[in-house]
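Down below is the structure, laid out as structure tokens.
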Amino acid sequence: MSEKILSLRPNRPSLMRYLDSYIRRAHADGKQVALLVVQVKRGDELGALFGYQTVEGLLEQFGARLDDICRSQDRIMRVGDYEFALILPEIMNEGHAILAANKIMRTLATPFEIGGHVVSMGANMGIALFPDHAGKPETLLQNAELALSDAARNGASYVMYSDTTPEKLAGNWDLESELDIALDNGELEIYYQPKINLRGGLLAGAEALLRWRSPKRGIVPPNVFIPIATRTGQIKELTWSAINMALQHAATWPTRFGPLSLAINIAPSLLEDEALVSRVADAMGMWGAKPNRLILEITESAVMGNPDMSFETIRELKNKGVAVSIDDFGTGYSSLANFKNIPASELKIDKSFVISMLSSKADANIVRTIINLAQAFELQVAAEGAESMEILRILATLQCNYAQGYYISQPVPAGTFAQFVNEYVPPVF
Ligand code: C2E
Ligand code: MG
Ligand code: MG
């Protein structure tokens, strides 16, 4: 057994002692520690199906796989019947914990073999960070397990703990003035979520997704602050800064998969801004962005709300070498009469249909119909919300061009994206 594995028998008291010592050390060195809890899905069912001993053997094999993917300084411990905890010391930012979660998910893609059985195991994971999410071992574990139950409830592979849920923040008027300060203080950051080409699985690009790292509230998600910024008009400044930051980052991305595309979300109100096209073109020129590499994502409801005006803007963008993707497609108000003239390059299927396409026949039909529609109009089509290998396979079979989703990766901080690109292994369809 490697020194990374602290125990393969459930032992929570000992986990608390280890956590305590890692937290103390990190505190002294000014470092961060991530705690990742991994729970095997449907553990009890596996037990009933294969018997206790076989399942213990499976968990031992899983422990060995965790050992393989962990760094020498990481620690692995069994903390429950079907639960492991991983202590990841000396991480630079949460992106490293996300990369670890991605690796764990990948290692589970290969089935296990035991006593003549071939067994597939899935897992849900919860992540919490010291000092961002907790200062004490008990709260760190509690928060990682809260995130884990969130993941299990939503069927997500992993969830990063966040104490800033939209519910808690709703109706908080201080946010407006705080957002003003945030813009001045550079508290807005961009995360990148990779997008893959479903023919071959290679990386095709990434979508820039804003996060607000508030000193007071932690990471605030965009569905909280974008509506506020839209109401106050701060959205324009925010968008220009996002476009500039993202183009600057993209200029330094590794070229292992050739030039990657960069997708940026544009708030509906910006479509009415006459300066949009020239400012985007200026920013592209300034950062040396190649034509056709920048994709602006505009929601279907924004485009179809005023098709005449938005079609004209999209056409002008196209003339400048900027592609436009119709985001959250399927949730807006496209009529086929309008749709036939749409000058966009891509339809991006809303994640709500993709996430549930395995459990809902209706959603699967919608996904198939949108793909067919895109093909008929010679548009590219991308799916967001690909949360499992099975979904990726179906999308590939349906000849969807691109996919994005938690199975490939959650959005990662800008500083970690290059590492993601360098370590990316295409899935085998
Ligand atoms: P969107 O543009 O549709 O972005 C996709 C959202 O789906 C992202 O959430 C992403 O993390 C999430 N997602 C991707 N794959 C999966 C998956 O497999 N499962 C699940 N459950 N979710 C998945 P995020 O980052 O919270 O962004 C939410 C929305 O906020 C975005 O939706 C976009 O409308 C808006 N937004 C984000 N950044 C910006 C920005 O810079 N400008 C503007 N105007 N809006 C932004
Ligand atoms: Mg988008
Ligand atoms: Mg979307």
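Please note that chains go A, B, ... in the order of the structure tokens, that every chain numbers its residues from 1, and that ligands are numbered from 1 in the order shown.
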So that each row is one residue of chain A with an atom at most 9 Å from ligand 3, can you give its shortest atom pair and the distance in Å to one decimal, using only C-alpha atoms and all ligand atoms, rows by chain and rising number, as a tab-separated table?
residue	atom	partner	partner_atom_place_in_ligand_line	distance
A:Asn265	CA	ligand 3	1 (Mg)	9.0
A:Glu297	CA	ligand 3	1 (Mg)	8.4
A:Ile298	CA	ligand 3	1 (Mg)	9.0
A:Thr299	CA	ligand 3	1 (Mg)	7.4
A:Ile326	CA	ligand 3	1 (Mg)	8.6
A:Asp327	CA	ligand 3	1 (Mg)	4.9
A:Asp328	CA	ligand 3	1 (Mg)	4.1
A:Phe329	CA	ligand 3	1 (Mg)	7.5
A:Lys348	CA	ligand 3	1 (Mg)	6.8
A:Ile349	CA	ligand 3	1 (Mg)	7.1
A:Asp350	CA	ligand 3	1 (Mg)	5.2
A:Lys351	CA	ligand 3	1 (Mg)	6.3
A:Ser352	CA	ligand 3	1 (Mg)	9.0
A:Ala383	CA	ligand 3	1 (Mg)	8.7
A:Glu384	CA	ligand 3	1 (Mg)	6.6
A:Gly385	CA	ligand 3	1 (Mg)	8.6
Let me see the file: selected residues, N, CA, C and O atoms, as a PDB file, in the first residue's frame.
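Okay, this is what ended up in result.pdb:
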ATOM      1  N   ASN A 265     -20.030  35.264 -23.758  1.00  0.00           N
ATOM      2  CA  ASN A 265     -21.471  35.552 -23.697  1.00  0.00           C
ATOM      3  C   ASN A 265     -21.716  37.053 -23.774  1.00  0.00           C
ATOM      4  O   ASN A 265     -21.029  37.842 -23.137  1.00  0.00           O
ATOM      5  N   GLU A 297     -21.685  34.468 -27.931  1.00  0.00           N
ATOM      6  CA  GLU A 297     -22.908  33.703 -27.634  1.00  0.00           C
ATOM      7  C   GLU A 297     -24.015  34.676 -27.242  1.00  0.00           C
ATOM      8  O   GLU A 297     -23.859  35.481 -26.336  1.00  0.00           O
ATOM      9  N   ILE A 298     -25.102  34.601 -27.963  1.00  0.00           N
ATOM     10  CA  ILE A 298     -26.252  35.465 -27.674  1.00  0.00           C
ATOM     11  C   ILE A 298     -27.451  34.547 -27.496  1.00  0.00           C
ATOM     12  O   ILE A 298     -27.633  33.607 -28.290  1.00  0.00           O
ATOM     13  N   THR A 299     -28.258  34.790 -26.472  1.00  0.00           N
ATOM     14  CA  THR A 299     -29.342  33.838 -26.221  1.00  0.00           C
ATOM     15  C   THR A 299     -30.416  33.939 -27.302  1.00  0.00           C
ATOM     16  O   THR A 299     -30.630  35.002 -27.906  1.00  0.00           O
ATOM     17  N   ILE A 326     -26.103  30.838 -31.129  1.00  0.00           N
ATOM     18  CA  ILE A 326     -27.376  31.136 -30.465  1.00  0.00           C
ATOM     19  C   ILE A 326     -27.472  30.249 -29.221  1.00  0.00           C
ATOM     20  O   ILE A 326     -27.681  29.036 -29.321  1.00  0.00           O
ATOM     21  N   ASP A 327     -27.268  30.899 -28.071  1.00  0.00           N
ATOM     22  CA  ASP A 327     -27.159  30.198 -26.791  1.00  0.00           C
ATOM     23  C   ASP A 327     -28.542  29.805 -26.263  1.00  0.00           C
ATOM     24  O   ASP A 327     -29.543  30.426 -26.618  1.00  0.00           O
ATOM     25  N   ASP A 328     -28.564  28.791 -25.416  1.00  0.00           N
ATOM     26  CA  ASP A 328     -29.791  28.314 -24.760  1.00  0.00           C
ATOM     27  C   ASP A 328     -30.872  28.035 -25.801  1.00  0.00           C
ATOM     28  O   ASP A 328     -32.069  28.297 -25.572  1.00  0.00           O
ATOM     29  N   PHE A 329     -30.451  27.498 -26.933  1.00  0.00           N
ATOM     30  CA  PHE A 329     -31.407  27.264 -28.017  1.00  0.00           C
ATOM     31  C   PHE A 329     -32.426  26.216 -27.590  1.00  0.00           C
ATOM     32  O   PHE A 329     -32.095  25.195 -27.002  1.00  0.00           O
ATOM     33  N   LYS A 348     -26.567  26.518 -30.000  1.00  0.00           N
ATOM     34  CA  LYS A 348     -26.074  25.850 -28.802  1.00  0.00           C
ATOM     35  C   LYS A 348     -27.277  25.361 -28.007  1.00  0.00           C
ATOM     36  O   LYS A 348     -28.040  26.168 -27.475  1.00  0.00           O
ATOM     37  N   ILE A 349     -27.433  24.051 -27.962  1.00  0.00           N
ATOM     38  CA  ILE A 349     -28.631  23.464 -27.340  1.00  0.00           C
ATOM     39  C   ILE A 349     -28.599  23.703 -25.837  1.00  0.00           C
ATOM     40  O   ILE A 349     -27.590  23.440 -25.180  1.00  0.00           O
ATOM     41  N   ASP A 350     -29.688  24.187 -25.297  1.00  0.00           N
ATOM     42  CA  ASP A 350     -29.746  24.487 -23.863  1.00  0.00           C
ATOM     43  C   ASP A 350     -29.491  23.234 -23.021  1.00  0.00           C
ATOM     44  O   ASP A 350     -29.968  22.150 -23.347  1.00  0.00           O
ATOM     45  N   LYS A 351     -28.741  23.457 -21.925  1.00  0.00           N
ATOM     46  CA  LYS A 351     -28.344  22.298 -21.119  1.00  0.00           C
ATOM     47  C   LYS A 351     -29.525  21.560 -20.494  1.00  0.00           C
ATOM     48  O   LYS A 351     -29.435  20.375 -20.214  1.00  0.00           O
ATOM     49  N   SER A 352     -30.664  22.240 -20.291  1.00  0.00           N
ATOM     50  CA  SER A 352     -31.775  21.548 -19.630  1.00  0.00           C
ATOM     51  C   SER A 352     -32.228  20.328 -20.439  1.00  0.00           C
ATOM     52  O   SER A 352     -32.594  19.298 -19.872  1.00  0.00           O
ATOM     53  N   ALA A 383     -23.719  21.182 -27.972  1.00  0.00           N
ATOM     54  CA  ALA A 383     -24.591  20.838 -26.841  1.00  0.00           C
ATOM     55  C   ALA A 383     -23.880  21.202 -25.549  1.00  0.00           C
ATOM     56  O   ALA A 383     -22.707  20.896 -25.386  1.00  0.00           O
ATOM     57  N   GLU A 384     -24.568  21.887 -24.649  1.00  0.00           N
ATOM     58  CA  GLU A 384     -23.987  22.118 -23.323  1.00  0.00           C
ATOM     59  C   GLU A 384     -24.731  21.235 -22.335  1.00  0.00           C
ATOM     60  O   GLU A 384     -25.865  20.839 -22.600  1.00  0.00           O
ATOM     61  N   GLY A 385     -24.060  20.880 -21.227  1.00  0.00           N
ATOM     62  CA  GLY A 385     -24.721  20.039 -20.232  1.00  0.00           C
ATOM     63  C   GLY A 385     -24.459  18.555 -20.445  1.00  0.00           C
ATOM     64  O   GLY A 385     -25.234  17.714 -19.995  1.00  0.00           O
TER      65      GLY A 385
END
So which residues touch Leu203 of chain A within 9 Å, counting only C-alpha atoms, skipping near sequence neighbours fewer than 4 positions away, as an mmCIF file with N, CA, C and O atoms, in the first residue's frame?
data_model
loop_
_atom_site.group_PDB
_atom_site.id
_atom_site.type_symbol
_atom_site.label_atom_id
_atom_site.label_comp_id
_atom_site.auth_asym_id
_atom_site.auth_seq_id
_atom_site.Cartn_x
_atom_site.Cartn_y
_atom_site.Cartn_z
ATOM 1 N N PRO A 194 -14.087 23.946 -21.247
ATOM 2 C CA PRO A 194 -13.693 23.423 -22.554
ATOM 3 C C PRO A 194 -14.880 22.915 -23.378
ATOM 4 O O PRO A 194 -15.896 22.485 -22.820
ATOM 5 N N LYS A 195 -14.677 22.976 -24.679
ATOM 6 C CA LYS A 195 -15.686 22.505 -25.635
ATOM 7 C C LYS A 195 -14.937 21.546 -26.545
ATOM 8 O O LYS A 195 -13.841 21.880 -27.002
ATOM 9 N N ILE A 196 -15.501 20.359 -26.761
ATOM 10 C CA ILE A 196 -14.773 19.393 -27.596
ATOM 11 C C ILE A 196 -15.480 19.135 -28.916
ATOM 12 O O ILE A 196 -16.687 19.328 -29.042
ATOM 13 N N ASN A 197 -14.682 18.702 -29.887
ATOM 14 C CA ASN A 197 -15.216 18.304 -31.169
ATOM 15 C C ASN A 197 -15.667 16.846 -31.042
ATOM 16 O O ASN A 197 -14.877 15.993 -30.643
ATOM 17 N N PHE A 257 -3.737 21.558 -29.625
ATOM 18 C CA PHE A 257 -4.864 21.112 -30.472
ATOM 19 C C PHE A 257 -5.123 22.118 -31.591
ATOM 20 O O PHE A 257 -6.239 22.244 -32.073
ATOM 21 N N GLY A 258 -4.094 22.879 -31.965
ATOM 22 C CA GLY A 258 -4.290 23.942 -32.949
ATOM 23 C C GLY A 258 -4.914 25.134 -32.248
ATOM 24 O O GLY A 258 -5.097 25.116 -31.025
ATOM 25 N N LEU A 260 -7.467 27.324 -30.547
ATOM 26 C CA LEU A 260 -8.749 27.012 -29.914
ATOM 27 C C LEU A 260 -9.706 28.181 -30.105
ATOM 28 O O LEU A 260 -9.282 29.341 -30.128
ATOM 29 N N VAL A 421 -5.529 21.989 -20.837
ATOM 30 C CA VAL A 421 -5.268 21.709 -22.256
ATOM 31 C C VAL A 421 -4.109 20.722 -22.383
ATOM 32 O O VAL A 421 -4.179 19.743 -23.131
ATOM 33 N N TYR A 424 -5.179 17.192 -21.243
ATOM 34 C CA TYR A 424 -6.451 16.647 -21.750
ATOM 35 C C TYR A 424 -6.242 15.357 -22.547
ATOM 36 O O TYR A 424 -5.386 15.290 -23.431
ATOM 37 N N PRO A 426 -8.495 12.843 -24.901
ATOM 38 C CA PRO A 426 -9.821 12.737 -25.515
ATOM 39 C C PRO A 426 -10.539 11.470 -25.056
ATOM 40 O O PRO A 426 -9.907 10.434 -24.885
#
- Message: Need to verify the contact set: segment 59-68 of chain A, 12 Å, only C-alpha atoms, exclusion of same-chain residues closer than 5 positions in sequence. Can you return it as a ChimeraX atom specification?
- Response: /A:1-10,36-41,43,46-47,52-54,73-87,100-114,119-123
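Residues with any atom within 7 Å of segment 281-286 of chain A, counting only C-alpha atoms and excluding same-chain neighbours fewer than 3 positions away, are Asn244, Val277, Ser278, Ala289 and Lys320 of chain A.
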- Show which residues sit within 7 Å of Pro221 of chain A, as a list in words. Count only C-alpha atoms, and ignore same-chain residues fewer than 3 positions away. Arg211, Trp212, Val224 and Phe225 of chain A
- Residues within 10 Å of Met160 of chain A, only C-alpha atoms, excluding chain neighbours under 4 positions, as a list in words: Leu36, Glu94, Ala97, Ile98, Met125, Gly126, Ile127, Ala128, Leu129, His133, Asn143, Ala144, Leu146, Ala147, Leu148, Asp150, Ala151 and Gln410 of chain A
Written file, previous selection with N, CA, C and O atoms, as a short mmCIF file (atom, residue, chain, number, x, y, z; two decimals), in the first residue's frame:
data_model
loop_
_atom_site.label_atom_id
_atom_site.label_comp_id
_atom_site.auth_asym_id
_atom_site.auth_seq_id
_atom_site.Cartn_x
_atom_site.Cartn_y
_atom_site.Cartn_z
N LEU A 36 -11.64 16.68 -0.81
CA LEU A 36 -12.55 16.16 -1.83
C LEU A 36 -13.18 14.88 -1.30
O LEU A 36 -12.44 13.96 -0.92
N GLU A 94 -8.64 26.72 -6.71
CA GLU A 94 -9.64 25.66 -6.76
C GLU A 94 -9.57 24.86 -8.05
O GLU A 94 -10.04 23.74 -8.11
N ALA A 97 -8.20 21.46 -7.66
CA ALA A 97 -9.14 20.48 -7.10
C ALA A 97 -10.08 20.00 -8.19
O ALA A 97 -10.44 18.82 -8.25
N ILE A 98 -10.48 20.92 -9.07
CA ILE A 98 -11.37 20.54 -10.18
C ILE A 98 -10.65 19.57 -11.12
O ILE A 98 -11.23 18.58 -11.58
N MET A 125 -19.00 13.68 -6.18
CA MET A 125 -17.93 14.27 -5.37
C MET A 125 -18.33 15.64 -4.86
O MET A 125 -19.08 16.38 -5.51
N GLY A 126 -17.82 15.98 -3.68
CA GLY A 126 -18.00 17.32 -3.12
C GLY A 126 -16.64 17.86 -2.75
O GLY A 126 -15.77 17.12 -2.29
N ILE A 127 -16.42 19.16 -2.99
CA ILE A 127 -15.10 19.76 -2.74
C ILE A 127 -15.26 20.98 -1.85
O ILE A 127 -16.17 21.79 -2.06
N ALA A 128 -14.40 21.11 -0.86
CA ALA A 128 -14.35 22.35 -0.07
C ALA A 128 -12.89 22.72 0.14
O ALA A 128 -12.01 21.84 0.18
N LEU A 129 -12.62 24.01 0.25
CA LEU A 129 -11.23 24.48 0.34
C LEU A 129 -10.96 25.19 1.66
O LEU A 129 -11.82 25.94 2.16
N HIS A 133 -13.41 28.16 2.20
CA HIS A 133 -14.74 27.68 2.58
C HIS A 133 -14.85 27.29 4.04
O HIS A 133 -15.95 27.09 4.55
N ASN A 143 -18.68 21.02 4.93
CA ASN A 143 -18.97 21.74 3.69
C ASN A 143 -18.70 20.88 2.45
O ASN A 143 -19.44 20.95 1.47
N ALA A 144 -17.65 20.06 2.51
CA ALA A 144 -17.38 19.15 1.38
C ALA A 144 -18.55 18.17 1.27
O ALA A 144 -18.99 17.83 0.17
N LEU A 146 -21.65 18.69 2.28
CA LEU A 146 -22.82 19.43 1.78
C LEU A 146 -22.77 19.51 0.25
O LEU A 146 -23.77 19.29 -0.44
N ALA A 147 -21.57 19.83 -0.24
CA ALA A 147 -21.39 19.91 -1.70
C ALA A 147 -21.65 18.54 -2.32
O ALA A 147 -22.26 18.43 -3.39
N LEU A 148 -21.20 17.48 -1.63
CA LEU A 148 -21.42 16.12 -2.12
C LEU A 148 -22.92 15.81 -2.22
O LEU A 148 -23.39 15.27 -3.22
N ASP A 150 -25.27 17.88 -2.58
CA ASP A 150 -25.76 18.70 -3.68
C ASP A 150 -25.50 17.98 -5.01
O ASP A 150 -26.38 17.91 -5.88
N ALA A 151 -24.29 17.44 -5.13
CA ALA A 151 -23.92 16.73 -6.37
C ALA A 151 -24.83 15.52 -6.56
O ALA A 151 -25.34 15.28 -7.65
N GLN A 410 -15.86 20.96 -15.54
CA GLN A 410 -16.57 22.16 -15.10
C GLN A 410 -15.70 23.34 -15.57
O GLN A 410 -14.56 23.16 -15.95
#
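Closest approach to ligand 2 among A:Asn292, A:Gln404, A:Gln399, A:Ser360 is made by A:Gln404 (distances from only C-alpha atoms and all ligand atoms).
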- Message: Please extract the residues of segment 19-246 of chain A with a backbone DSSP assignment of alpha helix (DSSP H) and present them as a PyMOL selection string.
- Response: chain A and resi 19-29+43-50+52-69+94-107+137-154+166-169+174-185+222-232+235-246
- Can you check which residues of segment 42-136 of chain A DSSP gives as strand (DSSP E or B) on the backbone and send them as a ChimeraX atom specification? /A:75-80,83-91,112-114,117-119,123-130
Shell around Glu387 of chain A at 8 Å using only C-alpha atoms, local window under 5 positions removed, as a tab-separated table (two decimals) with N, CA, C and O atoms, in the first residue's frame:
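As a result, selection.tsv now contains:
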chain	number	residue	atom	x	y	z
A	156	ALA	N	-24.87	15.56	-10.41
A	156	ALA	CA	-23.61	16.13	-10.95
A	156	ALA	C	-22.44	15.27	-10.49
A	156	ALA	O	-22.50	14.65	-9.43
A	157	SER	N	-21.40	15.21	-11.30
A	157	SER	CA	-20.24	14.42	-10.89
A	157	SER	C	-19.57	15.07	-9.69
A	157	SER	O	-19.16	14.40	-8.77
A	355	ILE	N	-29.04	17.58	-20.34
A	355	ILE	CA	-28.84	16.92	-19.05
A	355	ILE	C	-29.84	15.78	-18.87
A	355	ILE	O	-29.49	14.71	-18.39
A	405	GLY	N	-19.54	20.23	-21.15
A	405	GLY	CA	-20.30	19.75	-20.00
A	405	GLY	C	-19.42	19.22	-18.90
A	405	GLY	O	-18.22	19.04	-19.09
A	406	TYR	N	-20.06	18.97	-17.75
A	406	TYR	CA	-19.29	18.58	-16.57
A	406	TYR	C	-18.53	17.28	-16.78
A	406	TYR	O	-17.55	17.03	-16.11
A	407	TYR	N	-19.00	16.41	-17.70
A	407	TYR	CA	-18.24	15.17	-17.91
A	407	TYR	C	-16.85	15.50	-18.44
A	407	TYR	O	-15.87	14.85	-18.08
A	408	ILE	N	-16.77	16.50	-19.28
A	408	ILE	CA	-15.46	16.88	-19.82
A	408	ILE	C	-14.75	17.73	-18.78
A	408	ILE	O	-13.63	17.44	-18.39
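For the residues A:Leu19, A:Ile219, A:Met245, A:Ala206, ranking by smallest atom-to-atom distance to Pro259 of chain A using only C-alpha atoms places A:Ala206 first.
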- Message: As an exercise, work out the distance from atom CA of Ser409 of chain A to atom CA of Trp287 of chain A in Å and give it to one decimal place.
- Response: 26.3 Å
- Item | Proximity to Asp132 of chain A - best of A:Ile190, A:Ile295, A:Leu35, A:Leu175, only C-alpha atoms | A:Leu35
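Among the candidates A:Leu270, A:Pro343, A:Phe377, A:Phe50, the residue lying nearest to Lys236 of chain A is A:Leu270 (atoms considered: only C-alpha atoms).
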- Item | Minimum-distance residue to ligand 2, chosen among A:Ala48, A:Leu247, A:Ala208, A:Val428 (using only C-alpha atoms and all ligand atoms) | A:Ala208
- Message: Between atom CA of Ser162 of chain A and atom CA of Glu423 of chain A, what is the distance in Å, rounded to a tenth?
- Response: 26.6 Å
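Reported to one decimal place, the separation of atom 45 (N, counted along the ligand's line) of ligand 1 from atom CA of Asn319 of chain A is 23.4 Å.
For the set A:Ser388, A:Ile342, A:Ala263, A:Tyr333, the residue with the smallest atom-to-atom gap to Leu358 of chain A is A:Ser388, counting only C-alpha atoms.
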